[in-house]
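K.L.:
Below is the file input-v7.pdb, which contains PDB, C-alpha atoms and all ligand atoms.
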MODEL        1
ATOM      1  CA  VAL A   1     -64.457 -13.839   9.434
ATOM      2  CA  THR A   2     -62.159 -14.268   6.396
ATOM      3  CA  ILE A   3     -59.582 -11.474   6.227
ATOM      4  CA  HIS A   4     -58.137 -10.709   2.783
ATOM      5  CA  ILE A   5     -54.466  -9.703   2.870
ATOM      6  CA  LEU A   6     -52.615  -8.136  -0.074
ATOM      7  CA  GLY A   7     -48.843  -8.784  -0.205
ATOM      8  CA  CYS A   8     -46.753 -11.534   1.383
ATOM      9  CA  GLY A   9     -43.714  -9.493   2.499
ATOM     10  CA  PRO A  10     -42.964  -8.997   6.203
ATOM     11  CA  ALA A  11     -45.753  -6.406   6.653
ATOM     12  CA  GLY A  12     -48.442  -8.489   4.913
ATOM     13  CA  LEU A  13     -47.550 -11.633   6.873
ATOM     14  CA  ALA A  14     -47.351  -9.699  10.174
ATOM     15  CA  ALA A  15     -50.933  -8.504   9.484
ATOM     16  CA  ALA A  16     -51.979 -12.083   8.575
ATOM     17  CA  HIS A  17     -50.452 -13.251  11.857
ATOM     18  CA  ALA A  18     -52.572 -10.734  13.811
ATOM     19  CA  ALA A  19     -55.707 -11.986  12.029
ATOM     20  CA  VAL A  20     -54.944 -15.641  12.797
ATOM     21  CA  ILE A  21     -54.137 -14.895  16.459
ATOM     22  CA  LEU A  22     -57.578 -13.264  16.707
ATOM     23  CA  GLY A  23     -59.191 -16.432  15.334
ATOM     24  CA  HIS A  24     -59.925 -15.260  11.774
ATOM     25  CA  ASP A  25     -59.370 -17.157   8.532
ATOM     26  CA  ILE A  26     -57.016 -15.574   6.017
ATOM     27  CA  ARG A  27     -56.624 -15.418   2.250
ATOM     28  CA  ILE A  28     -53.409 -13.795   0.976
ATOM     29  CA  PHE A  29     -53.202 -12.376  -2.564
ATOM     30  CA  SER A  30     -49.718 -11.539  -3.807
ATOM     31  CA  ARG A  31     -46.886 -12.276  -6.169
ATOM     32  CA  ASN A  32     -45.936 -15.581  -4.646
ATOM     33  CA  ARG A  33     -42.345 -14.988  -3.645
ATOM     34  CA  LYS A  34     -40.530 -14.399  -0.395
ATOM     35  CA  SER A  35     -39.235 -10.841   0.026
ATOM     36  CA  GLU A  36     -35.466 -10.487   0.277
ATOM     37  CA  MET A  37     -34.255  -8.574   3.319
ATOM     38  CA  TYR A  38     -30.770  -7.130   2.988
ATOM     39  CA  GLY A  39     -28.544  -5.682   5.642
ATOM     40  CA  ALA A  40     -29.111  -4.443   9.155
ATOM     41  CA  GLN A  41     -32.899  -4.353   9.506
ATOM     42  CA  TYR A  42     -34.461  -5.334  12.816
ATOM     43  CA  LEU A  43     -37.768  -5.607  14.636
ATOM     44  CA  HIS A  44     -38.249  -2.738  17.065
ATOM     45  CA  LYS A  45     -40.781  -4.854  18.991
ATOM     46  CA  PRO A  46     -41.115  -8.645  19.096
ATOM     47  CA  LEU A  47     -43.971 -10.326  17.231
ATOM     48  CA  PRO A  48     -45.963 -12.779  19.378
ATOM     49  CA  ILE A  49     -44.955 -16.438  18.984
ATOM     50  CA  VAL A  50     -42.552 -15.939  16.027
ATOM     51  CA  SER A  51     -40.099 -13.778  18.010
ATOM     52  CA  GLU A  52     -40.365 -15.714  21.245
ATOM     53  CA  LEU A  53     -37.421 -18.049  20.607
ATOM     54  CA  GLY A  54     -35.281 -15.397  18.933
ATOM     55  CA  GLY A  55     -32.491 -13.374  20.479
ATOM     56  CA  CYS A  56     -32.637  -9.720  21.413
ATOM     57  CA  GLU A  57     -29.762  -7.254  21.052
ATOM     58  CA  ILE A  58     -29.345  -3.749  22.462
ATOM     59  CA  ILE A  59     -28.737  -1.226  19.680
ATOM     60  CA  LYS A  60     -26.619   1.863  20.303
ATOM     61  CA  TYR A  61     -27.706   4.887  18.220
ATOM     62  CA  MET A  62     -25.085   7.584  17.600
ATOM     63  CA  LEU A  63     -25.255  10.930  15.778
ATOM     64  CA  MET A  64     -22.387  12.716  14.003
ATOM     65  CA  GLY A  65     -23.231  16.399  13.435
ATOM     66  CA  THR A  66     -26.729  17.659  14.309
ATOM     67  CA  ALA A  67     -30.214  16.258  13.651
ATOM     68  CA  ASP A  68     -30.849  19.264  11.368
ATOM     69  CA  GLN A  69     -27.786  18.515   9.255
ATOM     70  CA  TYR A  70     -28.888  14.871   9.086
ATOM     71  CA  ARG A  71     -32.445  15.859   8.002
ATOM     72  CA  ARG A  72     -31.106  18.000   5.148
ATOM     73  CA  LYS A  73     -28.526  15.430   4.079
ATOM     74  CA  VAL A  74     -31.085  12.614   3.744
ATOM     75  CA  TYR A  75     -34.325  14.338   2.744
ATOM     76  CA  GLY A  76     -33.286  17.720   1.316
ATOM     77  CA  ASP A  77     -34.441  21.224   2.297
ATOM     78  CA  ASP A  78     -38.206  20.657   1.809
ATOM     79  CA  TYR A  79     -38.643  18.060   4.536
ATOM     80  CA  THR A  80     -39.308  19.476   8.011
ATOM     81  CA  GLY A  81     -40.495  16.350   9.883
ATOM     82  CA  THR A  82     -38.497  14.397  12.427
ATOM     83  CA  VAL A  83     -35.658  11.974  11.652
ATOM     84  CA  SER A  84     -34.622   8.726  13.336
ATOM     85  CA  PRO A  85     -31.937  10.205  15.658
ATOM     86  CA  GLU A  86     -34.757  12.343  17.121
ATOM     87  CA  ASP A  87     -37.407   9.592  17.131
ATOM     88  CA  LEU A  88     -35.373   6.739  18.607
ATOM     89  CA  THR A  89     -33.762   6.526  22.046
ATOM     90  CA  LYS A  90     -29.956   6.236  22.163
ATOM     91  CA  GLU A  91     -30.177   2.612  23.295
ATOM     92  CA  HIS A  92     -33.064   0.294  22.492
ATOM     93  CA  PRO A  93     -33.701  -3.444  22.054
ATOM     94  CA  ALA A  94     -33.824  -5.148  18.636
ATOM     95  CA  TRP A  95     -35.287  -8.509  17.600
ATOM     96  CA  ASP A  96     -34.267 -10.573  14.594
ATOM     97  CA  ILE A  97     -36.528  -9.527  11.694
ATOM     98  CA  ARG A  98     -35.285 -12.226   9.287
ATOM     99  CA  GLU A  99     -35.886 -15.045  11.728
ATOM    100  CA  ALA A 100     -39.418 -13.729  12.433
ATOM    101  CA  TYR A 101     -40.177 -13.387   8.686
ATOM    102  CA  ASP A 102     -38.786 -16.906   8.025
ATOM    103  CA  ARG A 103     -41.190 -18.297  10.618
ATOM    104  CA  LEU A 104     -44.124 -16.266   9.276
ATOM    105  CA  TRP A 105     -43.287 -17.509   5.781
ATOM    106  CA  ASN A 106     -43.169 -21.148   6.970
ATOM    107  CA  ILE A 107     -46.597 -20.775   8.565
ATOM    108  CA  TYR A 108     -48.474 -18.595   6.042
ATOM    109  CA  SER A 109     -46.893 -18.970   2.578
ATOM    110  CA  LYS A 110     -49.241 -21.901   1.844
ATOM    111  CA  SER A 111     -52.138 -19.414   2.125
ATOM    112  CA  VAL A 112     -50.797 -17.242  -0.712
ATOM    113  CA  GLU A 113     -53.022 -17.174  -3.805
ATOM    114  CA  PRO A 114     -50.735 -15.978  -6.616
ATOM    115  CA  VAL A 115     -51.729 -12.691  -8.284
ATOM    116  CA  ASP A 116     -49.027 -11.025 -10.373
ATOM    117  CA  ASN A 117     -50.482  -7.609 -10.878
ATOM    118  CA  ILE A 118     -52.800  -6.228  -8.238
ATOM    119  CA  SER A 119     -53.973  -2.944  -9.746
ATOM    120  CA  PRO A 120     -56.852  -0.451  -9.327
ATOM    121  CA  ARG A 121     -58.845  -2.585 -11.799
ATOM    122  CA  TRP A 122     -58.147  -5.743  -9.806
ATOM    123  CA  MET A 123     -59.280  -3.899  -6.645
ATOM    124  CA  LEU A 124     -62.518  -2.843  -8.341
ATOM    125  CA  PHE A 125     -63.137  -6.277  -9.759
ATOM    126  CA  ASN A 126     -62.636  -7.825  -6.292
ATOM    127  CA  LYS A 127     -64.700  -5.354  -4.260
ATOM    128  CA  GLN A 128     -66.446  -8.248  -2.533
ATOM    129  CA  LEU A 129     -63.163  -9.356  -0.888
ATOM    130  CA  ARG A 130     -63.654  -7.487   2.384
ATOM    131  CA  PRO A 131     -62.432  -6.993   5.123
ATOM    132  CA  MET A 132     -59.107  -6.296   3.392
ATOM    133  CA  ILE A 133     -55.623  -5.283   4.587
ATOM    134  CA  SER A 134     -53.138  -4.097   1.946
ATOM    135  CA  SER A 135     -49.338  -3.988   2.120
ATOM    136  CA  ILE A 136     -48.997  -3.474  -1.660
ATOM    137  CA  PRO A 137     -47.219  -0.181  -2.483
ATOM    138  CA  LEU A 138     -50.062   2.364  -2.314
ATOM    139  CA  PRO A 139     -49.343   3.963  -5.743
ATOM    140  CA  GLU A 140     -50.008   0.532  -7.329
ATOM    141  CA  ILE A 141     -53.646   0.484  -6.143
ATOM    142  CA  CYS A 142     -54.308   4.242  -6.295
ATOM    143  CA  PHE A 143     -57.318   4.967  -8.507
ATOM    144  CA  HIS A 144     -56.526   8.650  -9.097
ATOM    145  CA  PRO A 145     -52.781   8.846  -9.849
ATOM    146  CA  SER A 146     -53.185  12.266 -11.477
ATOM    147  CA  MET A 147     -54.831  13.699  -8.319
ATOM    148  CA  CYS A 148     -53.053  11.841  -5.521
ATOM    149  CA  ASN A 149     -49.492  12.856  -4.599
ATOM    150  CA  PHE A 150     -46.858  10.447  -3.359
ATOM    151  CA  MET A 151     -43.787  12.088  -1.848
ATOM    152  CA  GLU A 152     -40.570  10.103  -1.570
ATOM    153  CA  ALA A 153     -36.802  10.388  -1.185
ATOM    154  CA  ILE A 154     -34.436   8.208  -3.159
ATOM    155  CA  ILE A 155     -31.218   7.064  -1.553
ATOM    156  CA  TRP A 156     -28.450   4.571  -2.239
ATOM    157  CA  ALA A 157     -28.157   1.605   0.101
ATOM    158  CA  ALA A 158     -25.845  -1.389   0.285
ATOM    159  CA  GLY A 159     -26.770  -4.235   2.617
ATOM    160  CA  GLU A 160     -24.785  -7.305   3.577
ATOM    161  CA  ALA A 161     -26.123 -10.690   2.497
ATOM    162  CA  PRO A 162     -23.556 -13.262   3.705
ATOM    163  CA  GLU A 163     -25.567 -16.069   2.063
ATOM    164  CA  ARG A 164     -24.695 -14.420  -1.284
ATOM    165  CA  GLY A 165     -21.140 -13.567  -0.221
ATOM    166  CA  THR A 166     -21.910  -9.818   0.030
ATOM    167  CA  ARG A 167     -19.931  -8.159   2.830
ATOM    168  CA  LEU A 168     -19.158  -4.442   3.325
ATOM    169  CA  SER A 169     -16.300  -4.612   5.823
ATOM    170  CA  HIS A 170     -13.900  -3.375   3.092
ATOM    171  CA  LEU A 171     -15.816  -0.030   3.128
ATOM    172  CA  LEU A 172     -16.186   0.413   6.889
ATOM    173  CA  GLN A 173     -15.214  -1.529   9.998
ATOM    174  CA  MET A 174     -18.080  -1.834  12.478
ATOM    175  CA  ASP A 175     -18.802  -4.249  15.258
ATOM    176  CA  GLY A 176     -21.282  -4.501  18.085
ATOM    177  CA  SER A 177     -24.905  -3.507  17.504
ATOM    178  CA  THR A 178     -24.576   0.062  16.368
ATOM    179  CA  VAL A 179     -26.310   2.612  14.157
ATOM    180  CA  ILE A 180     -24.308   5.733  13.259
ATOM    181  CA  CYS A 181     -26.272   8.626  11.722
ATOM    182  CA  ASN A 182     -24.000  11.135  10.015
ATOM    183  CA  GLY A 183     -25.161  14.674   9.190
ATOM    184  CA  LEU A 184     -21.627  15.839   8.280
ATOM    185  CA  ASP A 185     -20.501  16.353   4.681
ATOM    186  CA  ASN A 186     -17.641  13.927   5.216
ATOM    187  CA  PRO A 187     -17.820  10.966   5.065
ATOM    188  CA  LEU A 188     -20.514  10.945   2.394
ATOM    189  CA  TRP A 189     -22.679   8.143   3.832
ATOM    190  CA  TYR A 190     -25.520   9.275   6.091
ATOM    191  CA  ARG A 191     -26.124   6.074   8.019
ATOM    192  CA  ALA A 192     -24.105   2.978   8.792
ATOM    193  CA  SER A 193     -25.672   0.141  10.774
ATOM    194  CA  HIS A 194     -24.344  -3.133  12.121
ATOM    195  CA  ILE A 195     -27.051  -5.351  13.640
ATOM    196  CA  PHE A 196     -27.358  -9.146  13.973
ATOM    197  CA  ASP A 197     -23.965  -9.437  12.255
ATOM    198  CA  ARG A 198     -25.082  -7.607   9.103
ATOM    199  CA  MET A 199     -24.086  -4.177   7.945
ATOM    200  CA  THR A 200     -25.961  -1.575   5.886
ATOM    201  CA  ILE A 201     -24.480   1.649   4.527
ATOM    202  CA  GLU A 202     -26.798   4.342   3.122
ATOM    203  CA  TRP A 203     -25.820   7.363   1.029
ATOM    204  CA  PRO A 204     -27.889  10.398  -0.018
ATOM    205  CA  TRP A 205     -29.048  10.420  -3.655
ATOM    206  CA  ARG A 206     -26.633  13.211  -4.534
ATOM    207  CA  ALA A 207     -23.719  10.852  -3.706
ATOM    208  CA  GLY A 208     -24.497   9.456  -7.168
ATOM    209  CA  PRO A 209     -21.999   7.119  -8.750
ATOM    210  CA  SER A 210     -19.654   7.303  -5.769
ATOM    211  CA  ALA A 211     -22.082   4.893  -4.118
ATOM    212  CA  MET A 212     -21.433   2.266  -6.761
ATOM    213  CA  THR A 213     -21.762  -0.557  -4.257
ATOM    214  CA  GLY A 214     -25.339   0.455  -3.433
ATOM    215  CA  ALA A 215     -28.704   0.175  -5.159
ATOM    216  CA  ALA A 216     -31.289   2.951  -5.455
ATOM    217  CA  VAL A 217     -33.937   2.607  -2.728
ATOM    218  CA  VAL A 218     -37.191   4.589  -2.542
ATOM    219  CA  LYS A 219     -38.018   5.907   0.931
ATOM    220  CA  PRO A 220     -41.717   6.894   1.099
ATOM    221  CA  ILE A 221     -42.378  10.146   2.977
ATOM    222  CA  ARG A 222     -46.115  10.876   2.782
ATOM    223  CA  ASN A 223     -49.167  10.964   0.473
ATOM    224  CA  ASN A 224     -52.657  12.420   0.217
ATOM    225  CA  CYS A 225     -54.311   9.381  -1.406
ATOM    226  CA  LEU A 226     -57.831   8.608  -0.150
ATOM    227  CA  CYS A 227     -58.505   5.631  -2.427
ATOM    228  CA  TRP A 228     -60.065   2.502  -0.877
ATOM    229  CA  PRO A 229     -60.800   4.068   2.531
ATOM    230  CA  GLU A 230     -62.403   0.839   3.781
ATOM    231  CA  VAL A 231     -59.115  -1.055   3.248
ATOM    232  CA  LEU A 232     -56.557  -0.971   6.080
ATOM    233  CA  LYS A 233     -53.149  -0.075   4.659
ATOM    234  CA  VAL A 234     -50.062  -1.400   6.461
ATOM    235  CA  GLY A 235     -46.286  -1.364   5.917
ATOM    236  CA  ARG A 236     -44.047   1.510   4.819
ATOM    237  CA  TYR A 237     -44.933   1.070   1.148
ATOM    238  CA  GLY A 238     -48.557   0.058   1.768
ATOM    239  CA  LYS A 239     -49.135   3.266   3.753
ATOM    240  CA  TRP A 240     -46.529   5.249   1.765
ATOM    241  CA  GLU A 241     -45.369   6.962   4.945
ATOM    242  CA  LYS A 242     -42.031   7.588   6.574
ATOM    243  CA  GLY A 243     -41.005   5.732   9.731
ATOM    244  CA  VAL A 244     -43.406   2.795   9.361
ATOM    245  CA  LEU A 245     -41.913  -0.468  10.679
ATOM    246  CA  VAL A 246     -42.869  -4.123  10.364
ATOM    247  CA  HIS A 247     -44.210  -4.490  13.924
ATOM    248  CA  HIS A 248     -46.608  -1.575  13.229
ATOM    249  CA  ALA A 249     -48.333  -3.792  10.622
ATOM    250  CA  PHE A 250     -49.037  -6.381  13.318
ATOM    251  CA  GLU A 251     -50.211  -3.770  15.854
ATOM    252  CA  GLU A 252     -52.401  -1.837  13.407
ATOM    253  CA  ALA A 253     -54.008  -4.978  11.990
ATOM    254  CA  TYR A 254     -54.661  -6.342  15.487
ATOM    255  CA  LYS A 255     -56.283  -3.094  16.629
ATOM    256  CA  TRP A 256     -58.352  -2.710  13.448
ATOM    257  CA  LEU A 257     -59.562  -6.311  13.586
ATOM    258  CA  CYS A 258     -60.822  -5.717  17.126
ATOM    259  CA  THR A 259     -63.079  -2.872  15.938
ATOM    260  CA  SER A 260     -66.745  -3.178  15.130
ATOM    261  CA  ALA A 261     -66.054  -2.366  11.452
ATOM    262  CA  VAL A 262     -64.708  -5.906  11.081
ATOM    263  CA  ASN A 263     -66.861  -7.655  13.690
ATOM    264  CA  PRO A 264     -70.376  -6.258  13.176
TER
HETATM  265  C1  LIG B 301     -33.391   1.375   4.011
HETATM  266  C2  LIG B 301     -34.571   0.812   4.784
HETATM  267  C3  LIG B 301     -34.361   0.264   6.061
HETATM  268  C4  LIG B 301     -35.448  -0.269   6.773
HETATM  269  N1  LIG B 301     -35.211  -0.800   8.017
HETATM  270  C5  LIG B 301     -36.241  -1.320   8.710
HETATM  271  C6  LIG B 301     -36.020  -1.900  10.000
HETATM  272  O1  LIG B 301     -34.899  -1.932  10.516
HETATM  273  N2  LIG B 301     -37.099  -2.407  10.669
HETATM  274  C7  LIG B 301     -38.362  -2.404  10.132
HETATM  275  O2  LIG B 301     -39.286  -2.893  10.791
HETATM  276  N3  LIG B 301     -38.593  -1.861   8.912
HETATM  277  C8  LIG B 301     -37.577  -1.325   8.198
HETATM  278  N4  LIG B 301     -37.803  -0.779   6.965
HETATM  279  C9  LIG B 301     -39.172  -0.644   6.454
HETATM  280  C10 LIG B 301     -39.886  -1.845   5.941
HETATM  281  O3  LIG B 301     -40.501  -2.443   7.052
HETATM  282  C11 LIG B 301     -39.042  -2.860   5.235
HETATM  283  O4  LIG B 301     -38.608  -2.266   4.042
HETATM  284  C12 LIG B 301     -39.811  -4.164   4.936
HETATM  285  O5  LIG B 301     -38.902  -5.149   4.527
HETATM  286  C13 LIG B 301     -40.888  -3.961   3.868
HETATM  287  O6  LIG B 301     -41.808  -5.027   3.933
HETATM  288  P1  LIG B 301     -43.216  -4.951   3.199
HETATM  289  O7  LIG B 301     -43.915  -6.228   3.479
HETATM  290  O8  LIG B 301     -43.885  -3.668   3.564
HETATM  291  O9  LIG B 301     -42.832  -4.821   1.646
HETATM  292  P2  LIG B 301     -42.349  -5.951   0.632
HETATM  293  O10 LIG B 301     -41.409  -6.909   1.280
HETATM  294  O11 LIG B 301     -41.878  -5.239  -0.585
HETATM  295  O12 LIG B 301     -43.683  -6.753   0.304
HETATM  296  C14 LIG B 301     -44.642  -6.289  -0.620
HETATM  297  C15 LIG B 301     -45.429  -7.490  -1.101
HETATM  298  O13 LIG B 301     -46.404  -7.084  -2.046
HETATM  299  C16 LIG B 301     -46.247  -7.837  -3.258
HETATM  300  N5  LIG B 301     -46.628  -6.958  -4.356
HETATM  301  C17 LIG B 301     -46.190  -5.694  -4.577
HETATM  302  N6  LIG B 301     -46.834  -5.158  -5.645
HETATM  303  C18 LIG B 301     -47.680  -6.113  -6.093
HETATM  304  C19 LIG B 301     -48.644  -6.163  -7.144
HETATM  305  N7  LIG B 301     -48.858  -5.095  -7.958
HETATM  306  N8  LIG B 301     -49.356  -7.306  -7.330
HETATM  307  C20 LIG B 301     -49.176  -8.382  -6.532
HETATM  308  N9  LIG B 301     -48.282  -8.379  -5.500
HETATM  309  C21 LIG B 301     -47.561  -7.272  -5.286
HETATM  310  C22 LIG B 301     -44.792  -8.234  -3.292
HETATM  311  O14 LIG B 301     -44.614  -9.382  -4.107
HETATM  312  C23 LIG B 301     -44.554  -8.522  -1.794
HETATM  313  O15 LIG B 301     -45.020  -9.808  -1.450
HETATM  314  C24 LIG B 301     -36.753  -0.257   6.227
HETATM  315  C25 LIG B 301     -36.949   0.288   4.945
HETATM  316  C26 LIG B 301     -35.877   0.802   4.225
HETATM  317  C27 LIG B 301     -36.127   1.362   2.859
ENDMDL
END
What does the file become when written as structure tokens?
Ligand SMILES: Cc1cc2nc3c(=O)[nH]c(=O)nc-3n(C[C@H](O)[C@H](O)[C@H](O)COP(=O)(O)OP(=O)(O)OC[C@H]3O[C@@H](n4cnc5c(N)ncnc54)[C@H](O)[C@@H]3O)c2cc1C

P.N.:
Amino acid sequence: VTIHILGCGPAGLAAAHAAVILGHDIRIFSRNRKSEMYGAQYLHKPLPIVSELGGCEIIKYMLMGTADQYRRKVYGDDYTGTVSPEDLTKEHPAWDIREAYDRLWNIYSKSVEPVDNISPRWMLFNKQLRPMISSIPLPEICFHPSMCNFMEAIIWAAGEAPERGTRLSHLLQMDGSTVICNGLDNPLWYRASHIFDRMTIEWPWRAGPSAMTGAAVVKPIRNNCLCWPEVLKVGRYGKWEKGVLVHHAFEEAYKWLCTSAVNP
């Protein structure tokens, strides 16, 4: 079966990888450029084949203040769901996300068919391209933007990119593989991470201009969009949900592709 994938970032290519492992053909529709990955991101589970040669580090998770203070600091008073210091164990393994994405890109980028503006109209016009898995930000393909709600939090984040000469050690000294979540009012940052020799510092939106080193980043929380129910949505932006990680795209695509909906 030919599986149609939207988006060629880490989530889209992880889904493509699942399809190929299951013996399917793939067509990928996306803006044809490699996603940039800044700072201390990591794979929480290895991806078959592409993570097999890569190293694994043990991450130490620490919390300053309480989980409640952290929840309010990052997401404000309206959010009552769980936060990462509650969801993740204090020590857990991490795999190199950049190395895995580099390998996925080397294998699958030749399958990308450039499309600059996938939109609800494009989706309608290409209704015959099924089965389909989308990692495009869900609001970009939503057919009923006035009815569907997309909840998000905006934060400031600065991530190290040594290949561009961007380092953050002048702001904070960190070593080892560590994530510090900070619910206290001082210091202002709410999370500082140092993983695979790269640091990320994140500040709440209200930190405003004091986070001059960072860029505004949208963190999806949840949505009630029911558009394109036959399309599997993957990735944090594709699903527009909190807590979604790159390895989930592989797992969800693999599971979905094993169902009878795809293999009648
Ligand atoms: C601060 C922060 C930290 C995170 N840390 C981690 C982590 O440690 N581990 C982890 O697994 N995940 C993490 N995530 C979540 C997420 O997995 C990463 O952000 C990941 O890099 C996103 O990959 P993606 O493929 O979903 O999105 P993207 O890399 O943005 O890919 C989207 C693709 O769709 C294409 N596209 C978008 N719109 C259109 C359009 N209209 N038409 C055509 N093409 C389009 C783009 O060109 C791109 O190819 C983090 C997220 C944030 C915000």

K.L.:
Would you write out, as a list in words, every residue that the PyMOL selection byres (((chain A and resi 98-107) around 7) and not hetatm) captures in this file?

P.N.:
Pro10, Leu13, Val50, Ser51, Asp96, Ile97, Tyr108 and Ser109 of chain A

K.L.:
Residues contacting ligand LIG 301 (chain B) - anything with an atom at most 8 Å away, using all atoms listed in the file - can you give me those as a PyMOL selection string?

P.N.:
chain A and resi 6-13+29-37+40-44+97+114-119+135-137+140-141+157+202+217-219+234-238+243-248

K.L.:
Please identify all polymer residues within 6 Å of A:Ile26, counting all atoms listed in the file, omitting same-chain residues fewer than 4 positions from it, and present them as an MDAnalysis selection string.

P.N.:
chainID A and resid 2:4

K.L.:
Rounded to one decimal place, report the atom CA of A:Ser193-atom CA of A:Leu63 distance in Å.

P.N.:
11.9 Å

K.L.:
Please enumerate the residues selected by the PyMOL selection byres (((chain A and resi 166) around 12) and not hetatm) when evaluated against the supplied file, formatted as a ChimeraX atom specification.

P.N.:
/A:38-39,158-165,167-171,198-200,213-214
